[in-house]
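Structure data (mmCIF, N, CA and C atoms) from run.cif:
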```
data_run
#
loop_
_atom_site.label_atom_id
_atom_site.label_comp_id
_atom_site.auth_asym_id
_atom_site.auth_seq_id
_atom_site.Cartn_x
_atom_site.Cartn_y
_atom_site.Cartn_z
N MET A 1 87.65 75.17 36.58
CA MET A 1 86.55 74.55 37.29
C MET A 1 86.77 74.70 38.79
N SER A 2 85.74 75.09 39.49
CA SER A 2 85.82 75.29 40.92
C SER A 2 85.82 73.94 41.64
N ARG A 3 86.67 73.83 42.64
CA ARG A 3 86.81 72.58 43.40
C ARG A 3 86.39 72.85 44.85
N PRO A 4 85.50 72.01 45.42
CA PRO A 4 85.13 72.20 46.83
C PRO A 4 86.31 71.87 47.75
N LEU A 5 86.45 72.67 48.81
CA LEU A 5 87.51 72.46 49.79
C LEU A 5 86.88 72.34 51.18
N PHE A 6 87.56 71.65 52.06
CA PHE A 6 87.12 71.52 53.45
C PHE A 6 85.66 71.07 53.53
N GLY A 7 85.35 70.01 52.81
CA GLY A 7 84.00 69.45 52.84
C GLY A 7 82.95 70.35 52.24
N GLY A 8 83.36 71.28 51.37
CA GLY A 8 82.42 72.17 50.70
C GLY A 8 82.25 73.52 51.38
N ALA A 9 82.97 73.77 52.49
CA ALA A 9 82.87 75.06 53.18
C ALA A 9 83.43 76.19 52.33
N LEU A 10 84.42 75.90 51.49
CA LEU A 10 85.03 76.86 50.58
C LEU A 10 85.18 76.20 49.23
N SER A 11 85.50 76.99 48.22
CA SER A 11 85.84 76.42 46.92
C SER A 11 86.92 77.29 46.29
N ALA A 12 87.68 76.68 45.38
CA ALA A 12 88.74 77.41 44.70
C ALA A 12 88.97 76.79 43.34
N THR A 13 89.52 77.58 42.45
CA THR A 13 89.93 77.07 41.15
C THR A 13 91.38 76.64 41.27
N ILE A 14 91.63 75.36 41.04
CA ILE A 14 92.96 74.77 41.16
C ILE A 14 93.44 74.47 39.73
N PRO A 15 94.73 74.70 39.43
CA PRO A 15 95.24 74.42 38.08
C PRO A 15 94.93 72.98 37.65
N PRO A 16 94.57 72.77 36.38
CA PRO A 16 94.11 71.45 35.91
C PRO A 16 95.14 70.33 36.02
N ASN A 17 96.43 70.61 35.96
CA ASN A 17 97.44 69.55 36.06
C ASN A 17 97.86 69.29 37.49
N SER A 18 97.03 69.66 38.47
CA SER A 18 97.37 69.48 39.87
C SER A 18 96.77 68.19 40.42
N LYS A 19 97.52 67.58 41.31
CA LYS A 19 97.11 66.34 41.97
C LYS A 19 96.81 66.66 43.43
N ASP A 20 95.72 66.13 43.94
CA ASP A 20 95.37 66.28 45.35
C ASP A 20 96.36 65.46 46.16
N ILE A 21 97.18 66.12 46.97
CA ILE A 21 98.22 65.43 47.73
C ILE A 21 97.63 64.46 48.74
N SER A 22 96.39 64.71 49.18
CA SER A 22 95.77 63.78 50.14
C SER A 22 95.54 62.39 49.55
N GLU A 23 95.62 62.27 48.23
CA GLU A 23 95.53 60.96 47.59
C GLU A 23 96.85 60.20 47.69
N LEU A 24 97.94 60.92 48.06
CA LEU A 24 99.27 60.31 48.14
C LEU A 24 99.74 60.11 49.57
N ARG A 25 99.35 61.01 50.46
CA ARG A 25 99.76 60.92 51.86
C ARG A 25 98.77 61.67 52.73
N GLU A 26 98.88 61.47 54.03
CA GLU A 26 97.96 62.09 54.97
C GLU A 26 98.24 63.59 55.06
N ILE A 27 97.18 64.37 55.04
CA ILE A 27 97.24 65.83 55.14
C ILE A 27 96.41 66.23 56.36
N PRO A 28 96.88 67.19 57.17
CA PRO A 28 96.08 67.63 58.32
C PRO A 28 94.70 68.12 57.89
N ASP A 29 93.71 68.00 58.77
CA ASP A 29 92.34 68.39 58.46
C ASP A 29 92.20 69.87 58.14
N ASN A 30 93.12 70.70 58.63
CA ASN A 30 93.01 72.14 58.39
C ASN A 30 93.71 72.56 57.09
N GLN A 31 94.14 71.57 56.27
CA GLN A 31 94.85 71.88 55.02
C GLN A 31 94.21 71.19 53.82
N GLU A 32 94.35 71.84 52.69
CA GLU A 32 94.10 71.25 51.38
C GLU A 32 95.39 71.50 50.61
N ALA A 33 95.94 70.48 49.97
CA ALA A 33 97.23 70.63 49.30
C ALA A 33 97.19 69.98 47.93
N PHE A 34 97.78 70.68 46.96
CA PHE A 34 97.80 70.22 45.58
C PHE A 34 99.19 70.44 45.01
N ALA A 35 99.67 69.49 44.20
CA ALA A 35 100.98 69.62 43.56
C ALA A 35 100.82 69.43 42.06
N HIS A 36 101.58 70.19 41.30
CA HIS A 36 101.59 70.05 39.85
C HIS A 36 102.19 68.69 39.50
N THR A 37 101.63 68.01 38.54
CA THR A 37 102.08 66.65 38.20
C THR A 37 103.43 66.61 37.52
N GLN A 38 103.90 67.73 36.94
CA GLN A 38 105.17 67.70 36.21
C GLN A 38 106.25 68.62 36.80
N THR A 39 105.90 69.39 37.80
CA THR A 39 106.88 70.26 38.47
C THR A 39 106.74 70.01 39.96
N ASP A 40 107.57 70.63 40.75
CA ASP A 40 107.44 70.54 42.21
C ASP A 40 106.61 71.69 42.77
N GLN A 41 105.93 72.44 41.92
CA GLN A 41 105.10 73.53 42.40
C GLN A 41 103.92 72.97 43.18
N SER A 42 103.52 73.70 44.23
CA SER A 42 102.37 73.25 45.02
C SER A 42 101.58 74.45 45.53
N ILE A 43 100.32 74.18 45.82
CA ILE A 43 99.43 75.16 46.43
C ILE A 43 98.88 74.51 47.70
N ILE A 44 98.97 75.24 48.80
CA ILE A 44 98.44 74.75 50.08
C ILE A 44 97.49 75.80 50.62
N ILE A 45 96.29 75.37 50.98
CA ILE A 45 95.30 76.25 51.60
C ILE A 45 95.14 75.77 53.03
N GLU A 46 95.31 76.69 53.98
CA GLU A 46 95.24 76.31 55.39
C GLU A 46 94.26 77.21 56.13
N LEU A 47 93.50 76.60 57.02
CA LEU A 47 92.67 77.33 57.96
C LEU A 47 93.42 77.34 59.28
N LEU A 48 93.82 78.53 59.72
CA LEU A 48 94.62 78.66 60.93
C LEU A 48 93.90 79.51 61.97
N GLU A 49 94.30 79.37 63.21
CA GLU A 49 93.73 80.18 64.27
C GLU A 49 94.10 81.65 64.03
N TYR A 50 93.12 82.52 64.17
CA TYR A 50 93.35 83.96 64.01
C TYR A 50 94.33 84.41 65.08
N GLN A 51 95.36 85.09 64.67
CA GLN A 51 96.39 85.57 65.58
C GLN A 51 96.08 87.01 65.98
N ASN A 52 95.25 87.16 67.03
CA ASN A 52 94.80 88.51 67.40
C ASN A 52 95.90 89.35 68.04
N HIS A 53 97.00 88.74 68.43
CA HIS A 53 98.11 89.49 69.02
C HIS A 53 99.04 90.08 67.94
N VAL A 54 98.76 89.78 66.67
CA VAL A 54 99.60 90.24 65.56
C VAL A 54 98.82 91.30 64.77
N GLU A 55 99.45 92.46 64.58
CA GLU A 55 98.84 93.53 63.77
C GLU A 55 98.64 93.04 62.34
N ASP A 56 97.59 93.51 61.69
CA ASP A 56 97.30 93.12 60.31
C ASP A 56 98.52 93.32 59.40
N THR A 57 99.23 94.44 59.57
CA THR A 57 100.37 94.74 58.70
C THR A 57 101.53 93.77 58.89
N GLN A 58 101.57 93.05 60.01
CA GLN A 58 102.66 92.11 60.29
C GLN A 58 102.22 90.65 60.19
N ALA A 59 100.93 90.40 59.95
CA ALA A 59 100.40 89.04 60.02
C ALA A 59 100.97 88.13 58.93
N ALA A 60 101.13 88.61 57.71
CA ALA A 60 101.68 87.75 56.64
C ALA A 60 103.11 87.36 56.97
N ARG A 61 103.89 88.31 57.46
CA ARG A 61 105.28 88.03 57.86
C ARG A 61 105.30 87.02 59.02
N TYR A 62 104.40 87.18 59.97
CA TYR A 62 104.29 86.24 61.10
C TYR A 62 104.09 84.81 60.58
N HIS A 63 103.13 84.63 59.68
CA HIS A 63 102.84 83.29 59.15
C HIS A 63 103.99 82.77 58.28
N PHE A 64 104.66 83.65 57.53
CA PHE A 64 105.82 83.26 56.72
C PHE A 64 106.95 82.75 57.61
N GLU A 65 107.23 83.46 58.70
CA GLU A 65 108.28 83.04 59.63
C GLU A 65 107.90 81.73 60.33
N ASP A 66 106.62 81.56 60.64
CA ASP A 66 106.15 80.31 61.22
C ASP A 66 106.34 79.16 60.22
N LEU A 67 106.04 79.42 58.96
CA LEU A 67 106.24 78.43 57.90
C LEU A 67 107.73 78.10 57.76
N ALA A 68 108.59 79.10 57.88
CA ALA A 68 110.04 78.85 57.82
C ALA A 68 110.46 77.89 58.93
N GLY A 69 109.89 78.05 60.10
CA GLY A 69 110.17 77.12 61.19
C GLY A 69 109.70 75.72 60.88
N ASP A 70 108.50 75.60 60.33
CA ASP A 70 107.97 74.28 59.94
C ASP A 70 108.83 73.64 58.87
N ASN A 71 109.39 74.47 57.98
CA ASN A 71 110.24 73.97 56.88
C ASN A 71 111.69 73.78 57.30
N LYS A 72 111.96 73.97 58.60
CA LYS A 72 113.34 73.89 59.12
C LYS A 72 114.25 74.84 58.34
N SER A 73 113.70 76.03 58.08
CA SER A 73 114.39 77.05 57.29
C SER A 73 114.49 78.34 58.08
N SER A 74 114.53 78.24 59.42
CA SER A 74 114.49 79.46 60.23
C SER A 74 115.86 80.02 60.56
N ALA A 75 116.95 79.34 60.19
CA ALA A 75 118.29 79.85 60.45
C ALA A 75 118.54 81.13 59.66
N THR A 76 119.38 81.98 60.19
CA THR A 76 119.74 83.23 59.51
C THR A 76 120.25 82.93 58.10
N GLY A 77 119.70 83.65 57.12
CA GLY A 77 120.11 83.47 55.73
C GLY A 77 119.36 82.37 55.00
N SER A 78 118.46 81.66 55.71
CA SER A 78 117.71 80.56 55.08
C SER A 78 116.37 81.02 54.52
N TRP A 79 116.01 82.28 54.76
CA TRP A 79 114.76 82.80 54.22
C TRP A 79 114.87 84.31 54.06
N GLU A 80 114.04 84.84 53.20
CA GLU A 80 113.96 86.29 53.04
C GLU A 80 112.56 86.68 52.59
N VAL A 81 112.12 87.84 53.04
CA VAL A 81 110.87 88.43 52.60
C VAL A 81 111.23 89.48 51.56
N CYS A 82 110.68 89.33 50.37
CA CYS A 82 110.97 90.28 49.29
C CYS A 82 109.97 91.43 49.26
N GLY A 83 108.77 91.20 49.75
CA GLY A 83 107.77 92.26 49.76
C GLY A 83 106.47 91.81 50.39
N VAL A 84 105.76 92.75 50.98
CA VAL A 84 104.43 92.52 51.55
C VAL A 84 103.56 93.68 51.11
N GLU A 85 102.39 93.36 50.59
CA GLU A 85 101.50 94.43 50.17
C GLU A 85 100.05 94.03 50.45
N PRO A 86 99.21 95.02 50.71
CA PRO A 86 97.80 94.70 50.95
C PRO A 86 97.12 94.32 49.63
N LEU A 87 96.17 93.42 49.73
CA LEU A 87 95.36 93.05 48.57
C LEU A 87 94.08 93.86 48.61
N LEU A 88 93.60 94.25 47.47
CA LEU A 88 92.32 94.94 47.40
C LEU A 88 91.24 94.00 47.90
N GLN A 89 90.33 94.51 48.67
CA GLN A 89 89.32 93.66 49.28
C GLN A 89 87.99 93.67 48.54
N TYR A 90 88.04 93.93 47.26
CA TYR A 90 86.82 93.92 46.46
C TYR A 90 86.14 92.56 46.57
N GLN A 91 84.96 92.53 47.07
CA GLN A 91 84.13 91.33 47.23
C GLN A 91 84.75 90.28 48.16
N LEU A 92 85.62 90.71 49.07
CA LEU A 92 86.16 89.80 50.06
C LEU A 92 85.52 90.12 51.40
N GLU A 93 85.17 89.10 52.14
CA GLU A 93 84.57 89.29 53.44
C GLU A 93 85.59 89.03 54.54
N CYS A 94 86.70 89.75 54.48
CA CYS A 94 87.74 89.60 55.49
C CYS A 94 88.13 90.99 55.98
N SER A 95 88.73 91.04 57.17
CA SER A 95 89.11 92.35 57.73
C SER A 95 90.30 92.93 57.00
N SER A 96 91.19 92.07 56.53
CA SER A 96 92.32 92.52 55.71
C SER A 96 92.86 91.34 54.92
N ALA A 97 93.57 91.64 53.86
CA ALA A 97 94.15 90.60 53.01
C ALA A 97 95.52 91.09 52.56
N TRP A 98 96.50 90.17 52.54
CA TRP A 98 97.89 90.54 52.28
C TRP A 98 98.53 89.54 51.34
N LEU A 99 99.48 90.04 50.56
CA LEU A 99 100.28 89.18 49.70
C LEU A 99 101.74 89.36 50.08
N LEU A 100 102.41 88.26 50.39
CA LEU A 100 103.83 88.28 50.73
C LEU A 100 104.57 87.47 49.69
N SER A 101 105.68 88.00 49.22
CA SER A 101 106.58 87.26 48.33
C SER A 101 107.89 87.09 49.06
N GLY A 102 108.42 85.87 49.01
CA GLY A 102 109.68 85.60 49.69
C GLY A 102 110.31 84.34 49.15
N ALA A 103 111.34 83.89 49.83
CA ALA A 103 112.03 82.66 49.44
C ALA A 103 112.53 81.98 50.70
N GLN A 104 112.62 80.65 50.63
CA GLN A 104 113.17 79.85 51.72
C GLN A 104 114.04 78.75 51.15
N LEU A 105 115.04 78.35 51.91
CA LEU A 105 115.85 77.17 51.59
C LEU A 105 115.21 76.01 52.33
N ILE A 106 114.70 75.03 51.58
CA ILE A 106 113.89 73.96 52.17
C ILE A 106 114.42 72.61 51.75
N SER A 107 114.49 71.70 52.72
CA SER A 107 114.80 70.31 52.43
C SER A 107 113.50 69.54 52.31
N LYS A 108 113.43 68.66 51.35
CA LYS A 108 112.25 67.81 51.19
C LYS A 108 112.40 66.61 52.10
N PHE A 109 111.40 66.39 52.95
CA PHE A 109 111.40 65.28 53.90
C PHE A 109 112.68 65.33 54.72
N SER A 110 113.53 64.32 54.71
CA SER A 110 114.73 64.29 55.54
C SER A 110 116.02 64.47 54.73
N GLU A 111 115.90 64.99 53.53
CA GLU A 111 117.08 65.18 52.69
C GLU A 111 118.00 66.25 53.27
N GLU A 112 119.28 66.13 53.00
CA GLU A 112 120.24 67.15 53.42
C GLU A 112 120.27 68.32 52.45
N ALA A 113 120.02 68.07 51.17
CA ALA A 113 120.07 69.12 50.15
C ALA A 113 119.00 70.17 50.44
N LYS A 114 119.34 71.44 50.22
CA LYS A 114 118.40 72.54 50.41
C LYS A 114 117.98 73.07 49.05
N ASN A 115 116.67 73.14 48.83
CA ASN A 115 116.11 73.66 47.59
C ASN A 115 115.70 75.12 47.81
N THR A 116 115.97 75.97 46.83
CA THR A 116 115.51 77.35 46.91
C THR A 116 114.08 77.39 46.37
N VAL A 117 113.16 77.83 47.23
CA VAL A 117 111.74 77.86 46.88
C VAL A 117 111.22 79.28 47.02
N ASN A 118 110.72 79.84 45.91
CA ASN A 118 110.00 81.12 45.99
C ASN A 118 108.63 80.82 46.57
N ILE A 119 108.22 81.64 47.52
CA ILE A 119 106.94 81.44 48.18
C ILE A 119 106.10 82.69 48.01
N HIS A 120 104.90 82.49 47.52
CA HIS A 120 103.92 83.57 47.38
C HIS A 120 102.77 83.20 48.31
N LEU A 121 102.58 84.04 49.32
CA LEU A 121 101.65 83.72 50.39
C LEU A 121 100.53 84.74 50.42
N GLY A 122 99.30 84.27 50.33
CA GLY A 122 98.13 85.13 50.46
C GLY A 122 97.51 84.88 51.82
N LEU A 123 97.24 85.95 52.56
CA LEU A 123 96.64 85.83 53.89
C LEU A 123 95.32 86.59 53.91
N PHE A 124 94.29 85.91 54.33
CA PHE A 124 92.95 86.50 54.44
C PHE A 124 92.54 86.39 55.90
N ARG A 125 92.37 87.53 56.55
CA ARG A 125 92.10 87.55 57.99
C ARG A 125 90.60 87.64 58.25
N LEU A 126 90.08 86.72 59.03
CA LEU A 126 88.66 86.64 59.34
C LEU A 126 88.46 86.58 60.86
N PRO A 127 88.63 87.70 61.57
CA PRO A 127 88.50 87.66 63.03
C PRO A 127 87.11 87.25 63.49
N GLN A 128 86.09 87.52 62.68
CA GLN A 128 84.72 87.15 63.05
C GLN A 128 84.55 85.64 63.13
N TYR A 129 85.44 84.88 62.52
CA TYR A 129 85.42 83.41 62.58
C TYR A 129 86.65 82.86 63.31
N SER A 130 87.42 83.76 63.94
CA SER A 130 88.67 83.39 64.62
C SER A 130 89.60 82.61 63.70
N THR A 131 89.66 83.04 62.43
CA THR A 131 90.41 82.28 61.41
C THR A 131 91.28 83.19 60.55
N ASP A 132 92.48 82.72 60.29
CA ASP A 132 93.34 83.27 59.25
C ASP A 132 93.39 82.21 58.15
N ILE A 133 93.06 82.58 56.92
CA ILE A 133 93.17 81.66 55.80
C ILE A 133 94.48 81.98 55.09
N LEU A 134 95.31 80.96 54.96
CA LEU A 134 96.62 81.11 54.34
C LEU A 134 96.64 80.30 53.05
N VAL A 135 96.94 80.97 51.93
CA VAL A 135 97.07 80.30 50.63
C VAL A 135 98.53 80.47 50.22
N THR A 136 99.25 79.35 50.10
CA THR A 136 100.67 79.39 49.81
C THR A 136 100.95 78.70 48.48
N PHE A 137 101.64 79.43 47.59
CA PHE A 137 102.10 78.87 46.34
C PHE A 137 103.60 78.70 46.45
N ASN A 138 104.08 77.46 46.38
CA ASN A 138 105.50 77.12 46.47
C ASN A 138 106.03 76.87 45.07
N ASP A 139 107.06 77.63 44.69
CA ASP A 139 107.63 77.54 43.36
C ASP A 139 109.13 77.28 43.46
N PRO A 140 109.56 76.00 43.43
CA PRO A 140 110.99 75.69 43.52
C PRO A 140 111.74 76.26 42.31
N VAL A 141 112.82 76.98 42.58
CA VAL A 141 113.60 77.57 41.49
C VAL A 141 114.98 76.95 41.37
N ILE A 142 115.49 76.39 42.45
CA ILE A 142 116.77 75.66 42.41
C ILE A 142 116.61 74.38 43.21
N ILE A 143 116.72 73.24 42.54
CA ILE A 143 116.64 71.94 43.19
C ILE A 143 118.06 71.43 43.38
N SER A 144 118.46 71.29 44.64
CA SER A 144 119.80 70.81 44.95
C SER A 144 119.78 69.29 45.01
N VAL A 145 120.92 68.71 44.69
CA VAL A 145 121.06 67.26 44.73
C VAL A 145 122.08 66.95 45.81
N SER A 146 121.64 66.15 46.81
CA SER A 146 122.61 65.77 47.85
C SER A 146 123.48 64.66 47.29
N GLY A 147 124.71 64.67 47.68
CA GLY A 147 125.57 63.68 47.10
C GLY A 147 126.56 63.24 48.04
#
```
Please go through the file and, once you have read it, give me the structure as structure tokens.
Amino acid sequence: MSRPLFGGALSATIPPNSKDISELREIPDNQEAFAHTQTDQSIIIELLEYQNHVEDTQAARYHFEDLAGDNKSSATGSWEVCGVEPLLQYQLECSSAWLLSGAQLISKFSEEAKNTVNIHLGLFRLPQYSTDILVTFNDPVIISVSG
């Protein structure tokens, strides 16, 4: 079932066992975030400012590295990009679209333990609207326990 996002400006099909994170805590206006009710997997859709100084071929990596900084995962060895590839633009109204697969070591909130999270990032570039749409699927594969 399609779910309206950003006040109906966009819509997406979200997995049925997902919970709208905005029902649990405050989410920035430029984000829609959903978490699976039985796993730590999450999907975040963000409307970001179009980065016109970044080449299309490097834009997904740019946003991934920015995300690593937000996740306090920017230290050497705390993240890796496994691959970046263009997405076919069949019926997409964007200048380019990219899929990045990578991983980051991320702490939840203020925890000391670092969790290994596979990140699959879809980037849809819309220069005509000065917007980069970022769709991030976070898939924790190793949950560390601080002790």
Given the file above and the PyMOL selection byres ((chain A and resi 44) around 6.5), which residues are selected, and can you give them as a PyMOL selection string?
chain A and resi 31-34+42-43+45-46+134-138
Selection file, N, CA and C atoms, as a JSON list (two decimals), in the coordinates of the input:
```
[["chain", "number", "residue", "atom", "x", "y", "z"],
["A", 31, "GLN", "N", 94.14, 71.57, 56.27],
["A", 31, "GLN", "CA", 94.85, 71.88, 55.02],
["A", 31, "GLN", "C", 94.21, 71.19, 53.82],
["A", 32, "GLU", "N", 94.35, 71.84, 52.69],
["A", 32, "GLU", "CA", 94.10, 71.25, 51.38],
["A", 32, "GLU", "C", 95.39, 71.50, 50.61],
["A", 33, "ALA", "N", 95.94, 70.48, 49.97],
["A", 33, "ALA", "CA", 97.23, 70.63, 49.30],
["A", 33, "ALA", "C", 97.19, 69.98, 47.93],
["A", 34, "PHE", "N", 97.78, 70.68, 46.96],
["A", 34, "PHE", "CA", 97.80, 70.22, 45.58],
["A", 34, "PHE", "C", 99.19, 70.44, 45.01],
["A", 42, "SER", "N", 103.52, 73.70, 44.23],
["A", 42, "SER", "CA", 102.37, 73.25, 45.02],
["A", 42, "SER", "C", 101.58, 74.45, 45.53],
["A", 43, "ILE", "N", 100.32, 74.18, 45.82],
["A", 43, "ILE", "CA", 99.43, 75.16, 46.43],
["A", 43, "ILE", "C", 98.88, 74.51, 47.70],
["A", 45, "ILE", "N", 96.29, 75.37, 50.98],
["A", 45, "ILE", "CA", 95.30, 76.25, 51.60],
["A", 45, "ILE", "C", 95.14, 75.77, 53.03],
["A", 46, "GLU", "N", 95.31, 76.69, 53.98],
["A", 46, "GLU", "CA", 95.24, 76.31, 55.39],
["A", 46, "GLU", "C", 94.26, 77.21, 56.13],
["A", 134, "LEU", "N", 95.31, 80.96, 54.96],
["A", 134, "LEU", "CA", 96.62, 81.11, 54.34],
["A", 134, "LEU", "C", 96.64, 80.30, 53.05],
["A", 135, "VAL", "N", 96.94, 80.97, 51.93],
["A", 135, "VAL", "CA", 97.07, 80.30, 50.63],
["A", 135, "VAL", "C", 98.53, 80.47, 50.22],
["A", 136, "THR", "N", 99.25, 79.35, 50.10],
["A", 136, "THR", "CA", 100.67, 79.39, 49.81],
["A", 136, "THR", "C", 100.95, 78.70, 48.48],
["A", 137, "PHE", "N", 101.64, 79.43, 47.59],
["A", 137, "PHE", "CA", 102.10, 78.87, 46.34],
["A", 137, "PHE", "C", 103.60, 78.70, 46.45],
["A", 138, "ASN", "N", 104.08, 77.46, 46.38],
["A", 138, "ASN", "CA", 105.50, 77.12, 46.47],
["A", 138, "ASN", "C", 106.03, 76.87, 45.07]]
```
Give me the result of the PyMOL selection byres ((chain A and resi 131) around 5) on this file, residue by residue, as a ChimeraX atom specification.
/A:48-50,126-127,129-130,132-133
Would you save the residues of that selection, restricted to N, CA and C atoms, as an mmCIF file, in the coordinates of the input?
```cif
data_model
loop_
_atom_site.group_PDB
_atom_site.id
_atom_site.type_symbol
_atom_site.label_atom_id
_atom_site.label_comp_id
_atom_site.auth_asym_id
_atom_site.auth_seq_id
_atom_site.Cartn_x
_atom_site.Cartn_y
_atom_site.Cartn_z
ATOM 1 N N LEU A 48 93.820 78.530 59.720
ATOM 2 C CA LEU A 48 94.620 78.660 60.930
ATOM 3 C C LEU A 48 93.900 79.510 61.970
ATOM 4 N N GLU A 49 94.300 79.370 63.210
ATOM 5 C CA GLU A 49 93.730 80.180 64.270
ATOM 6 C C GLU A 49 94.100 81.650 64.030
ATOM 7 N N TYR A 50 93.120 82.520 64.170
ATOM 8 C CA TYR A 50 93.350 83.960 64.010
ATOM 9 C C TYR A 50 94.330 84.410 65.080
ATOM 10 N N LEU A 126 90.080 86.720 59.030
ATOM 11 C CA LEU A 126 88.660 86.640 59.340
ATOM 12 C C LEU A 126 88.460 86.580 60.860
ATOM 13 N N PRO A 127 88.630 87.700 61.570
ATOM 14 C CA PRO A 127 88.500 87.660 63.030
ATOM 15 C C PRO A 127 87.110 87.250 63.490
ATOM 16 N N TYR A 129 85.440 84.880 62.520
ATOM 17 C CA TYR A 129 85.420 83.410 62.580
ATOM 18 C C TYR A 129 86.650 82.860 63.310
ATOM 19 N N SER A 130 87.420 83.760 63.940
ATOM 20 C CA SER A 130 88.670 83.390 64.620
ATOM 21 C C SER A 130 89.600 82.610 63.700
ATOM 22 N N ASP A 132 92.480 82.720 60.290
ATOM 23 C CA ASP A 132 93.340 83.270 59.250
ATOM 24 C C ASP A 132 93.390 82.210 58.150
ATOM 25 N N ILE A 133 93.060 82.580 56.920
ATOM 26 C CA ILE A 133 93.170 81.660 55.800
ATOM 27 C C ILE A 133 94.480 81.980 55.090
#
```
Considering only strand (DSSP E) as DSSP defines it on the backbone, what residues of stretch 101-143 of chain A qualify? List them as a ChimeraX atom specification.
/A:101-106,115-126,131-142
Nearest to A:Ala68, chosen from A:Leu24, A:Leu10, A:Val84, A:Leu105, with only N, CA and C atoms counted in the distances
A:Leu105
Expected answer as an MDAnalysis selection string: alpha helix (DSSP H) residues in stretch 31-97 of chain A
chainID A and resid 56:70
What does the distance from atom CA of A:Cys94 to atom CA of A:Asp66 come to in Å, to one decimal?
21.4 Å
Decode the PyMOL selection byres ((chain A and resi 100) around 5) for the given file into explicit residues and return them as a list in words.
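Selected by the PyMOL selection byres ((chain A and resi 100) around 5) here: Gly83, Val84, Trp98, Leu99, Ser101, Gly102, His120 and Leu121 of chain A.
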Do you know which residues are at most 6.5 Å from A:Ile106 counting only N, CA and C atoms, after dropping those on the same chain fewer than 5 positions away, and could you put them as a count of residues only?
8
Report, in Å with one decimal, the straight-line distance from atom CA of A:Ala9 to atom C of A:Ala60.
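Interatomic distance here is 24.0 Å.
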Between atom C of A:Ile143 and atom N of A:Lys19, what is the distance, to one decimal in Å?
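Those two atoms sit 21.0 Å apart.
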Quick one: axis-aligned box around all listed atoms of stretch 13-23 of chain A, 5 Å on every side, centre and edge lengths in Å to one decimal, written as AutoDock Vina command-line options.
```
--center_x 93.9 --center_y 68.9 --center_z 43.0 --size_x 18.7 --size_y 27.4 --size_z 24.2
```
So that I can check the surroundings of A:Arg3, please list as a PyMOL selection string every protein, DNA and RNA residue that reaches within 12 Å of it, counting only C-alpha atoms and ignoring chain neighbours fewer than 4 positions away.
chain A and resi 7-16+18+20+32+34
Save out the residues we just selected, N, CA and C atoms, as a compact mmCIF listing (two decimals), keeping the file's coordinate frame.
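Below is the file that was written, again_38.txt:
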```
# COMPACT_ATOMS: atom_id res chain seq x y z
N GLY A 7 85.35 70.01 52.81
CA GLY A 7 84.00 69.45 52.84
C GLY A 7 82.95 70.35 52.24
N GLY A 8 83.36 71.28 51.37
CA GLY A 8 82.42 72.17 50.70
C GLY A 8 82.25 73.52 51.38
N ALA A 9 82.97 73.77 52.49
CA ALA A 9 82.87 75.06 53.18
C ALA A 9 83.43 76.19 52.33
N LEU A 10 84.42 75.90 51.49
CA LEU A 10 85.03 76.86 50.58
C LEU A 10 85.18 76.20 49.23
N SER A 11 85.50 76.99 48.22
CA SER A 11 85.84 76.42 46.92
C SER A 11 86.92 77.29 46.29
N ALA A 12 87.68 76.68 45.38
CA ALA A 12 88.74 77.41 44.70
C ALA A 12 88.97 76.79 43.34
N THR A 13 89.52 77.58 42.45
CA THR A 13 89.93 77.07 41.15
C THR A 13 91.38 76.64 41.27
N ILE A 14 91.63 75.36 41.04
CA ILE A 14 92.96 74.77 41.16
C ILE A 14 93.44 74.47 39.73
N PRO A 15 94.73 74.70 39.43
CA PRO A 15 95.24 74.42 38.08
C PRO A 15 94.93 72.98 37.65
N PRO A 16 94.57 72.77 36.38
CA PRO A 16 94.11 71.45 35.91
C PRO A 16 95.14 70.33 36.02
N SER A 18 97.03 69.66 38.47
CA SER A 18 97.37 69.48 39.87
C SER A 18 96.77 68.19 40.42
N ASP A 20 95.72 66.13 43.94
CA ASP A 20 95.37 66.28 45.35
C ASP A 20 96.36 65.46 46.16
N GLU A 32 94.35 71.84 52.69
CA GLU A 32 94.10 71.25 51.38
C GLU A 32 95.39 71.50 50.61
N PHE A 34 97.78 70.68 46.96
CA PHE A 34 97.80 70.22 45.58
C PHE A 34 99.19 70.44 45.01
```
